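This report refers to the structure that appears directly beneath it.
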Amino acid sequence: MSFRGTFEYSLDDRGRVAIPAKYRTAFPNGVAVITPAPEGCLRVFPEAAFDAMSDDNARGPATSVEGRRARRGFDAQAHDTELDRQGRILIPARLREKASLNGAVVIAGNRECLEIWNPEAWEREVERAEAESSGEQRREE
């Protein structure tokens with residue numbers, strides 16, 4: 001399944017947020033893996049997609065410093081969670097703080113995962129993406 005679209009949700013007082021209803025079946029057995037992204041959002045993967053990304057991210061063997069650091073940067077920061085009966089996931093406080101999530105959030109599809117953004121950070125990211133896209137279009141003309 002390919003995740004796409006943008007959705008506005010809110011974190012509840014316990015740090016839970018609903019997964020968009022149309023994507024809940026993409027998480028077999030209700031398992032989701034949350035990991036921080038370098039851009040400041042959180043990525044939410046179905047377990048199988050996370051495992052595939054982890055395999056891709058594991059540059060070099062675990063016996064090398066580069067290989068161990070690549071694993072630490074991706075796997076060690078990940079958190080397993082489960083969708084509850086209402087289709088919500090609990091985001092740990094550490095990850096909420098890292099992504100500046102409190103109250104309103106934006107959930108954006110990014111092909112293999114969903115991203116959870118602070119709304120202001122999302123607007124800045126969209127502006128950057130549009131500016132880069134415009135720059136590429138001008139070069140092609």
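Letters for chains follow the order of the structure tokens (A, B, ...), residue numbers begin at 1 for each chain, and ligand numbers begin at 1 in the order shown.
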Residues near Gly103 of chain A, cut-off 10 Å, only C-alpha atoms, skip fewer than 4 positions along chain, as JSON, numbers by chain
{"A": [9, 10, 11, 12, 13, 15, 17, 118, 119]}
Residues of the last selection are to be written out with N, CA and C atoms, as a PDB file, in the first residue's frame.
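What ended up in result_1.pdb:
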```
ATOM      1  N   TYR A   9      -5.155  16.096  12.423  1.00  0.00           N
ATOM      2  CA  TYR A   9      -5.626  15.396  13.613  1.00  0.00           C
ATOM      3  C   TYR A   9      -5.128  16.139  14.845  1.00  0.00           C
ATOM      4  N   SER A  10      -5.491  15.616  16.013  1.00  0.00           N
ATOM      5  CA  SER A  10      -5.011  16.170  17.282  1.00  0.00           C
ATOM      6  C   SER A  10      -4.519  15.037  18.165  1.00  0.00           C
ATOM      7  N   LEU A  11      -3.463  15.319  18.910  1.00  0.00           N
ATOM      8  CA  LEU A  11      -3.024  14.395  19.946  1.00  0.00           C
ATOM      9  C   LEU A  11      -3.972  14.537  21.123  1.00  0.00           C
ATOM     10  N   ASP A  12      -4.299  13.435  21.768  1.00  0.00           N
ATOM     11  CA  ASP A  12      -5.110  13.549  22.972  1.00  0.00           C
ATOM     12  C   ASP A  12      -4.189  13.804  24.163  1.00  0.00           C
ATOM     13  N   ASP A  13      -4.767  13.941  25.351  1.00  0.00           N
ATOM     14  CA  ASP A  13      -3.971  14.280  26.523  1.00  0.00           C
ATOM     15  C   ASP A  13      -3.002  13.179  26.951  1.00  0.00           C
ATOM     16  N   GLY A  15      -1.195  11.527  24.577  1.00  0.00           N
ATOM     17  CA  GLY A  15      -0.195  11.419  23.517  1.00  0.00           C
ATOM     18  C   GLY A  15      -0.573  10.444  22.421  1.00  0.00           C
ATOM     19  N   VAL A  17      -2.711   9.514  18.863  1.00  0.00           N
ATOM     20  CA  VAL A  17      -3.261  10.127  17.658  1.00  0.00           C
ATOM     21  C   VAL A  17      -3.845   9.014  16.792  1.00  0.00           C
ATOM     22  N   ASN A 118       4.462  18.578  13.317  1.00  0.00           N
ATOM     23  CA  ASN A 118       3.985  19.798  13.955  1.00  0.00           C
ATOM     24  C   ASN A 118       3.460  20.657  12.807  1.00  0.00           C
ATOM     25  N   PRO A 119       2.270  21.259  12.907  1.00  0.00           N
ATOM     26  CA  PRO A 119       1.704  22.000  11.766  1.00  0.00           C
ATOM     27  C   PRO A 119       2.596  23.117  11.220  1.00  0.00           C
TER      28      PRO A 119
END
```
Would you pick out the contacts of Pro20 of chain A at 12 Å or less, using only C-alpha atoms, so that residues sharing its chain but fewer than 4 positions from it are not included, and give the list as a ChimeraX atom specification?
/A:3-10,24-27,44,83,86-89,106-109,114-116
Would you mind listing, for every residue of segment 30-50 of chain A within 10 Å of segment 57-77 of chain A, the two atoms forming the shortest contact and the distance between them in Å to one decimal, using only C-alpha atoms, sorted by chain and ascending residue number, as a Markdown table?
```
| residue | atom | partner | partner_atom | distance |
| --- | --- | --- | --- | --- |
| A:Val33 | CA | A:Asp75 | CA | 10.0 |
| A:Ile34 | CA | A:Gln77 | CA | 8.5 |
| A:Thr35 | CA | A:Gln77 | CA | 6.0 |
| A:Pro36 | CA | A:Gln77 | CA | 7.1 |
| A:Ala37 | CA | A:Phe74 | CA | 8.9 |
| A:Pro38 | CA | A:Gly73 | CA | 9.8 |
| A:Phe50 | CA | A:Asp75 | CA | 9.1 |
```
Tell me which protein, DNA and RNA residues are within 10 Å of Glu39 of chain A, counting only C-alpha atoms, leaving out same-chain ones fewer than 6 positions away, and put them as a PyMOL selection string.
chain A and resi 99+117+121-122+125
I'd like to know which residues of chain A are alpha helix (DSSP H) (by DSSP, run on the backbone); could you write them as number ranges by chain?
A: 47-57, 65-74, 93-98, 119-140
So that I can see what lies close to Cys113 of chain A, please list as a list in words the residues with an atom at most 8 Å from it, counting only C-alpha atoms and leaving out residues fewer than 5 positions away in the same chain.
Ser2, Phe3, Arg43, Val44, Phe45, Pro46 and Ala49 of chain A
Taken to one decimal, the atom CA of Asp80 of chain A-atom CA of Val31 of chain A distance is 7.1 Å
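Of note, atom CA of Ala21 of chain A and atom CA of Val105 of chain A are spaced 15.8 Å apart.
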Could you work out how far atom CA of Glu97 of chain A lies from atom CA of Ser54 of chain A, giving the answer in Å with one decimal?
23.4 Å
